[in-house]
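One structure below.
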Amino acid sequence: MIILLVLGIFFRFANLDQKLYWKDETFTSLRIYGYTKQEVTNEVTDGEIITKDFFQNYQKPNPEKGLFNVVKSLAVEDPKHPPLYFVMTRLWTQIFGDSVAVIRSFSAFISLLIFPSMYWLCLELFGSSFIAWIAIALIAVSPFHILYAQEARMYALHTVNILLSSAVLFRAIRLNTKLSWGLYAGTISLGLYTHTIFSLLVIAHGIYIVLNKGIRTNKIFVSYLKASLLELLFFAPWLLLILSQLDKVQSTINWVHTITLSLDDLRIGWEVHFARIFFDINPNYEYENTIYDNLWWTIIRVFLVLFVYSIYFLIRHSPKKTYSFILILIFFPALLLAVPDVIFGGIRSIQTRYSIITYLGCHLSFTYLFAQKLKINHLNHKKNQQYLWSLLLITLISLEVISCSLNVSQSTWWNKGVNSHNLPISNILNQDSSLLISECNLSSLQNWDGQFGDLISLSYHLENQVKLQCFDNFEQINISKIPDGFNVYFLLNPPASLQARIKNQHQLKLVPIDENNVSLWKLEK
């Protein structure tokens with residue numbers, strides 16, 4: 001346990017400054033320093049030449065912007081993200097500095113609270129310190145949780161809140177005092193002010209109480225309702241902001257339901273992401289090598305079989321109060337995300353950061369299976385089965401450690417996939433005196449995240465000799481505004497209509513350089 005805890009701490013803090021600072025993380029810096037997207041947009045004019053420092057200036061603290069500006073920037077532009085994480089990170093940077101490593105270190109530090117929170121929840125849920133230590137052993141080196149512990153976003157804090165509020169719920173049910181329910185109301189308020197998807201956990205808690213305690217004249221359910229109403233009252237100011245700006249909220253999450261995948265593609269995503277809780281050696285969905293790919297999928301399917309068996313074992317051998325909580329934790333959020341994807345289209349259910357509640361439920365199910373198998377076989381003197389399950393547990397933990405060892409040294413992984421090509425693109429741009437031409441939609445913030453976000457992330461890797469030129473609309477780009485004096489010219493994500501116009505009307509040549517998540521083309525004047 002000591003070795004695993006040390007490894008878990010090491011993996012959480014290793015190479016924090018070496019990993020790609022992808023666009024969501026750049027938005028964190030933008031918010032914690034009190035800037036708005038509108039401020040950035042207002043400083044750029046159509047066709048203006050700018051440097052990387054233009055973007056970097058909005059990734060640094062401004063003495064004129066305090067905590068009020070942090071909350072205000074979220075309230076007026078991005079109300080779907082409550083302010084707690086951003087305020088706490090701002091305070092952290094005021095103490096320790098404003099480097100990328102420092103900003104990420106707050107998530108890494110907060111993620112250490114997962115250990116005592118998980119231990120407490122297991123004591124309340126299973127009544128066994130042995131099971132609690134198995135849970136910590138598995139989560140300490142979980143590659144999934146370590147990835148998000150190293151990211152400058154709110155997901156590590158969100159994970160702590162899920163575990164802590166669930167443990168406090170069981171304590172409140174057991175004691176049923178005003179103080180215990182008041183503490184529960186406090187924890188769910190913290191959860192809601194960290195991430196709005198935490199509301200799914202609050203509903204899951206209510207479903208659990210109804211199934212186990214009933215509704216009619218039940219003091220436990222009444223106390224839960226009172227606590228929920230109290231936290232709702234506390235969260236009301238931010239909830240009103242969200243409701244009054246639903247159009248903004250909708251515009252920033254359109255991408256999760258405008259992309260439609262086949263059922264088979266969704267299934268592949270569900271299987272791969274589930275396995276990544278414990279086994280994560282490939283940032284993609286497949287290997288080009290057939291042998292590697294078959295072996296990889298075999299391991300994933302073994303995890304799925306173990307998961308199904310763990311659910312069966314859980315229901316057969318644990319009391320209703322235990323298995324019902326874990327099943328609700330797993331399936332309630334999962335179905336709410338997956339069913340709309342299947343019926344209406346979308347990719348909500350394969351966004352891992354939306355499924356942390358479900359994955360923690362899976363973690364508890366695996367924990368109970370291994371802990372009980374080891375304990376039962378030991379008490380019944382079934383040495384062969386005890387050795388088998390010990391070997392399986394050691395193999396599982398070994399796969400976790402191997403996964404962490406592989407991805408901790410990588411500059412980018414699947415969680416930063418949309419900007420994974422920034423590094424090779426920056427290497428191309430930095431070779432010479434380059435001009436990168438991009439559309440920035442200066443007249444609208446609707447597509448801001450996908451364009452300015454990519455440019456801010458890219459700016460972390462550009463040299464001073466690289467300049468950028470932003471146009472409001474690629475369809476109306478004025479070729480005459482592209483200045484001479486640069487050795488190389490590039491276009492970022494040019495649409496097909498612009499490519500055709502450049503070739504046919506202006507008799508210029510476009511050469512594709514990189515056509516992955518980000519499309520880079522070389523313009524030969």
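Chain identifiers are assigned as A, B, and so on, following the order in which chains appear in the structure tokens; residues are numbered from 1 within each chain, and ligands are numbered from 1 in order of appearance.
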For range 458-482 of chain A versus range 42-47 of chain A, which residues have an atom no more than 8 Å away, and what is each residue's nearest atom pair and distance in Å rounded to one decimal, using only C-alpha atoms, chain-then-number order, as CSV?
```
residue,atom,partner,partner_atom,distance
A:Gln469,CA,A:Gly47,CA,5.7
A:Cys470,CA,A:Gly47,CA,5.3
A:Phe471,CA,A:Asp46,CA,4.8
A:Asp472,CA,A:Asp46,CA,5.4
A:Lys481,CA,A:Gly47,CA,6.6
A:Ile482,CA,A:Gly47,CA,7.8
```
Write the residues of the selection above to a file with N, CA and C atoms, as a CSV table (one decimal), in the first residue's frame.
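out.csv written:
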```csv
chain,number,residue,atom,x,y,z
A,469,GLN,N,-2.1,35.9,-38.5
A,469,GLN,CA,-3.0,36.9,-39.1
A,469,GLN,C,-4.4,36.3,-39.0
A,470,CYS,N,-5.3,37.1,-38.4
A,470,CYS,CA,-6.7,36.6,-38.1
A,470,CYS,C,-7.6,37.4,-39.0
A,471,PHE,N,-8.5,36.6,-39.7
A,471,PHE,CA,-9.5,37.2,-40.5
A,471,PHE,C,-10.9,36.9,-39.9
A,472,ASP,N,-11.8,37.8,-40.0
A,472,ASP,CA,-13.1,37.6,-39.5
A,472,ASP,C,-13.9,36.5,-40.2
A,481,LYS,N,-4.4,41.5,-48.5
A,481,LYS,CA,-4.1,41.9,-47.1
A,481,LYS,C,-3.0,41.0,-46.5
A,482,ILE,N,-2.6,39.9,-47.2
A,482,ILE,CA,-1.6,39.0,-46.8
A,482,ILE,C,-0.2,39.7,-47.1
```
Extract, using only C-alpha atoms, all DNA, RNA and protein residues at most 12 Å from Val202 in chain A, discarding same-chain residues fewer than 2 positions from it, and format them as a ChimeraX atom specification.
/A:161-162,165-166,169,184-185,187-192,196-200,204-209,224-225,227-229,231-232,328-329,332-333,357
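Remark: for Arg501 in chain A, the closest of the candidate residues A:Thr89, A:Thr194, A:Ser403, A:Asn478 is A:Asn478 (distances computed over only C-alpha atoms).
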DSSP on the backbone, then: every residue of range 280-510 of chain A marked strand (DSSP E), written as number ranges by chain.
A: 434-439, 467-471, 488-492, 509-510
What are the nearest atom pairs, with distances in Å to one decimal, for all residues of range 176-248 of chain A that come at most 8 Å from range 73-82 of chain A, using only C-alpha atoms, set out by chain and rising residue number as CSV?
```
residue,atom,partner,partner_atom,distance
A:Leu192,CA,A:Pro82,CA,7.4
A:Tyr193,CA,A:Pro82,CA,4.9
A:Thr194,CA,A:Pro82,CA,5.7
A:His195,CA,A:Pro82,CA,6.2
A:Thr196,CA,A:Lys80,CA,6.8
A:Trp238,CA,A:Pro82,CA,7.2
A:Leu241,CA,A:Pro79,CA,6.4
A:Ile242,CA,A:Pro79,CA,5.4
A:Gln245,CA,A:Pro79,CA,7.5
A:Lys248,CA,A:Asp78,CA,7.1
```
Would you mind listing what lies within 7 Å of range 147-159 of chain A as a PDB file with N, CA, C and O atoms, in the first residue's frame, with only C-alpha atoms counted and same-chain residues fewer than 6 positions away left out?
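Generated file (result18.pdb):
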```
ATOM      1  N   ARG A  12       0.988  11.659 -10.120  1.00  0.00           N
ATOM      2  CA  ARG A  12       0.142  12.853 -10.155  1.00  0.00           C
ATOM      3  C   ARG A  12       0.939  14.142 -10.341  1.00  0.00           C
ATOM      4  O   ARG A  12       0.436  15.106 -10.929  1.00  0.00           O
ATOM      5  N   LEU A  16       4.404  17.805 -14.873  1.00  0.00           N
ATOM      6  CA  LEU A  16       3.228  18.665 -15.011  1.00  0.00           C
ATOM      7  C   LEU A  16       3.436  19.779 -16.033  1.00  0.00           C
ATOM      8  O   LEU A  16       2.487  20.235 -16.671  1.00  0.00           O
ATOM      9  N   GLU A  25      -7.744  23.871 -21.027  1.00  0.00           N
ATOM     10  CA  GLU A  25      -6.877  24.376 -19.963  1.00  0.00           C
ATOM     11  C   GLU A  25      -6.541  25.854 -20.179  1.00  0.00           C
ATOM     12  O   GLU A  25      -6.405  26.616 -19.217  1.00  0.00           O
ATOM     13  N   THR A  28      -9.149  27.769 -18.695  1.00  0.00           N
ATOM     14  CA  THR A  28      -8.973  27.874 -17.244  1.00  0.00           C
ATOM     15  C   THR A  28      -8.111  29.072 -16.893  1.00  0.00           C
ATOM     16  O   THR A  28      -8.457  29.869 -16.017  1.00  0.00           O
ATOM     17  N   TYR A  85     -14.037  26.010  -8.509  1.00  0.00           N
ATOM     18  CA  TYR A  85     -12.702  25.557  -8.908  1.00  0.00           C
ATOM     19  C   TYR A  85     -11.840  26.716  -9.368  1.00  0.00           C
ATOM     20  O   TYR A  85     -10.655  26.814  -9.025  1.00  0.00           O
ATOM     21  N   ILE A 103      -0.445  25.774 -11.912  1.00  0.00           N
ATOM     22  CA  ILE A 103      -1.894  25.704 -12.119  1.00  0.00           C
ATOM     23  C   ILE A 103      -2.365  24.255 -12.086  1.00  0.00           C
ATOM     24  O   ILE A 103      -3.371  23.917 -11.446  1.00  0.00           O
ATOM     25  N   ARG A 104      -1.634  23.373 -12.743  1.00  0.00           N
ATOM     26  CA  ARG A 104      -2.006  21.957 -12.739  1.00  0.00           C
ATOM     27  C   ARG A 104      -1.788  21.318 -11.377  1.00  0.00           C
ATOM     28  O   ARG A 104      -2.492  20.368 -11.004  1.00  0.00           O
ATOM     29  N   SER A 107      -4.860  20.778  -9.111  1.00  0.00           N
ATOM     30  CA  SER A 107      -5.654  19.567  -9.356  1.00  0.00           C
ATOM     31  C   SER A 107      -4.964  18.342  -8.773  1.00  0.00           C
ATOM     32  O   SER A 107      -5.614  17.468  -8.185  1.00  0.00           O
ATOM     33  N   ALA A 108      -3.631  18.268  -8.943  1.00  0.00           N
ATOM     34  CA  ALA A 108      -2.880  17.127  -8.412  1.00  0.00           C
ATOM     35  C   ALA A 108      -2.988  17.065  -6.893  1.00  0.00           C
ATOM     36  O   ALA A 108      -3.170  15.988  -6.307  1.00  0.00           O
ATOM     37  N   ILE A 110      -5.395  18.457  -4.966  1.00  0.00           N
ATOM     38  CA  ILE A 110      -6.774  18.145  -4.598  1.00  0.00           C
ATOM     39  C   ILE A 110      -7.060  16.660  -4.779  1.00  0.00           C
ATOM     40  O   ILE A 110      -7.801  16.037  -4.001  1.00  0.00           O
ATOM     41  N   SER A 111      -6.464  16.061  -5.820  1.00  0.00           N
ATOM     42  CA  SER A 111      -6.740  14.651  -6.101  1.00  0.00           C
ATOM     43  C   SER A 111      -6.248  13.730  -4.986  1.00  0.00           C
ATOM     44  O   SER A 111      -6.713  12.597  -4.865  1.00  0.00           O
ATOM     45  N   GLY A 191     -20.298  20.529  -4.355  1.00  0.00           N
ATOM     46  CA  GLY A 191     -20.312  19.774  -5.601  1.00  0.00           C
ATOM     47  C   GLY A 191     -20.956  20.529  -6.745  1.00  0.00           C
ATOM     48  O   GLY A 191     -20.439  20.553  -7.866  1.00  0.00           O
ATOM     49  N   THR A 194     -18.934  23.265  -8.113  1.00  0.00           N
ATOM     50  CA  THR A 194     -17.756  22.787  -8.842  1.00  0.00           C
ATOM     51  C   THR A 194     -18.124  22.384 -10.258  1.00  0.00           C
ATOM     52  O   THR A 194     -17.443  22.734 -11.218  1.00  0.00           O
ATOM     53  N   HIS A 195     -19.217  21.629 -10.407  1.00  0.00           N
ATOM     54  CA  HIS A 195     -19.625  21.129 -11.725  1.00  0.00           C
ATOM     55  C   HIS A 195     -21.131  20.891 -11.710  1.00  0.00           C
ATOM     56  O   HIS A 195     -21.644  20.207 -10.819  1.00  0.00           O
ATOM     57  N   ARG A 353     -15.161  12.720 -19.091  1.00  0.00           N
ATOM     58  CA  ARG A 353     -15.265  13.640 -17.960  1.00  0.00           C
ATOM     59  C   ARG A 353     -16.707  13.810 -17.504  1.00  0.00           C
ATOM     60  O   ARG A 353     -16.951  14.289 -16.399  1.00  0.00           O
ATOM     61  N   ILE A 356     -17.678  10.465 -14.725  1.00  0.00           N
ATOM     62  CA  ILE A 356     -16.860  10.159 -13.541  1.00  0.00           C
ATOM     63  C   ILE A 356     -17.698   9.467 -12.463  1.00  0.00           C
ATOM     64  O   ILE A 356     -17.221   8.555 -11.783  1.00  0.00           O
TER      65      ILE A 356
END
```
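Straight-line separation from CA of Val256 in chain A to CA of Phe344 in chain A: 11.3 Å.
If only C-alpha atoms are the atoms counted, then among A:Lys19, A:Lys503, A:His317, A:Lys178 the closest residue to Ile376 in chain A is A:His317.
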Report the residues of range 6-220 of chain A whose backbone DSSP state falls under helix (DSSP H, G or I), written as a ChimeraX atom specification.
/A:6-13,23-32,37-42,52-59,67-77,84-96,100-111,114-126,129-140,143-149,155-175,178-192,196-213,219-220
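With only C-alpha atoms as the atoms that count, the residue of A:Asn380, A:Gln38, A:Gln499, A:Asn504 with the shortest distance to Trp521 in chain A is A:Gln499.
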I'd like the interatomic distance between CA of Arg267 in chain A and CA of Ile315 in chain A, to a tenth of an Å.
24.8 Å
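Between Phe279 in chain A and the candidates A:Gly66, A:Gly485, A:Pro143, A:Gly361, the tightest atom-to-atom separation, counting only C-alpha atoms, involves A:Pro143.
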When you look at Leu388 in chain A with a cut-off of 12 Å (counting only C-alpha atoms), what residues show up, excluding the ones that are within fewer than 6 positions of it in the same chain? I need them as a list in words.
Phe370, Lys373, Leu374, Asn377, His378, Lys382, Ile394 and Thr395 of chain A
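Among the candidates A:Phe10, A:Phe115, A:Phe490, A:Tyr292, the one nearest to Lys509 in chain A when counting only C-alpha atoms is A:Phe490.
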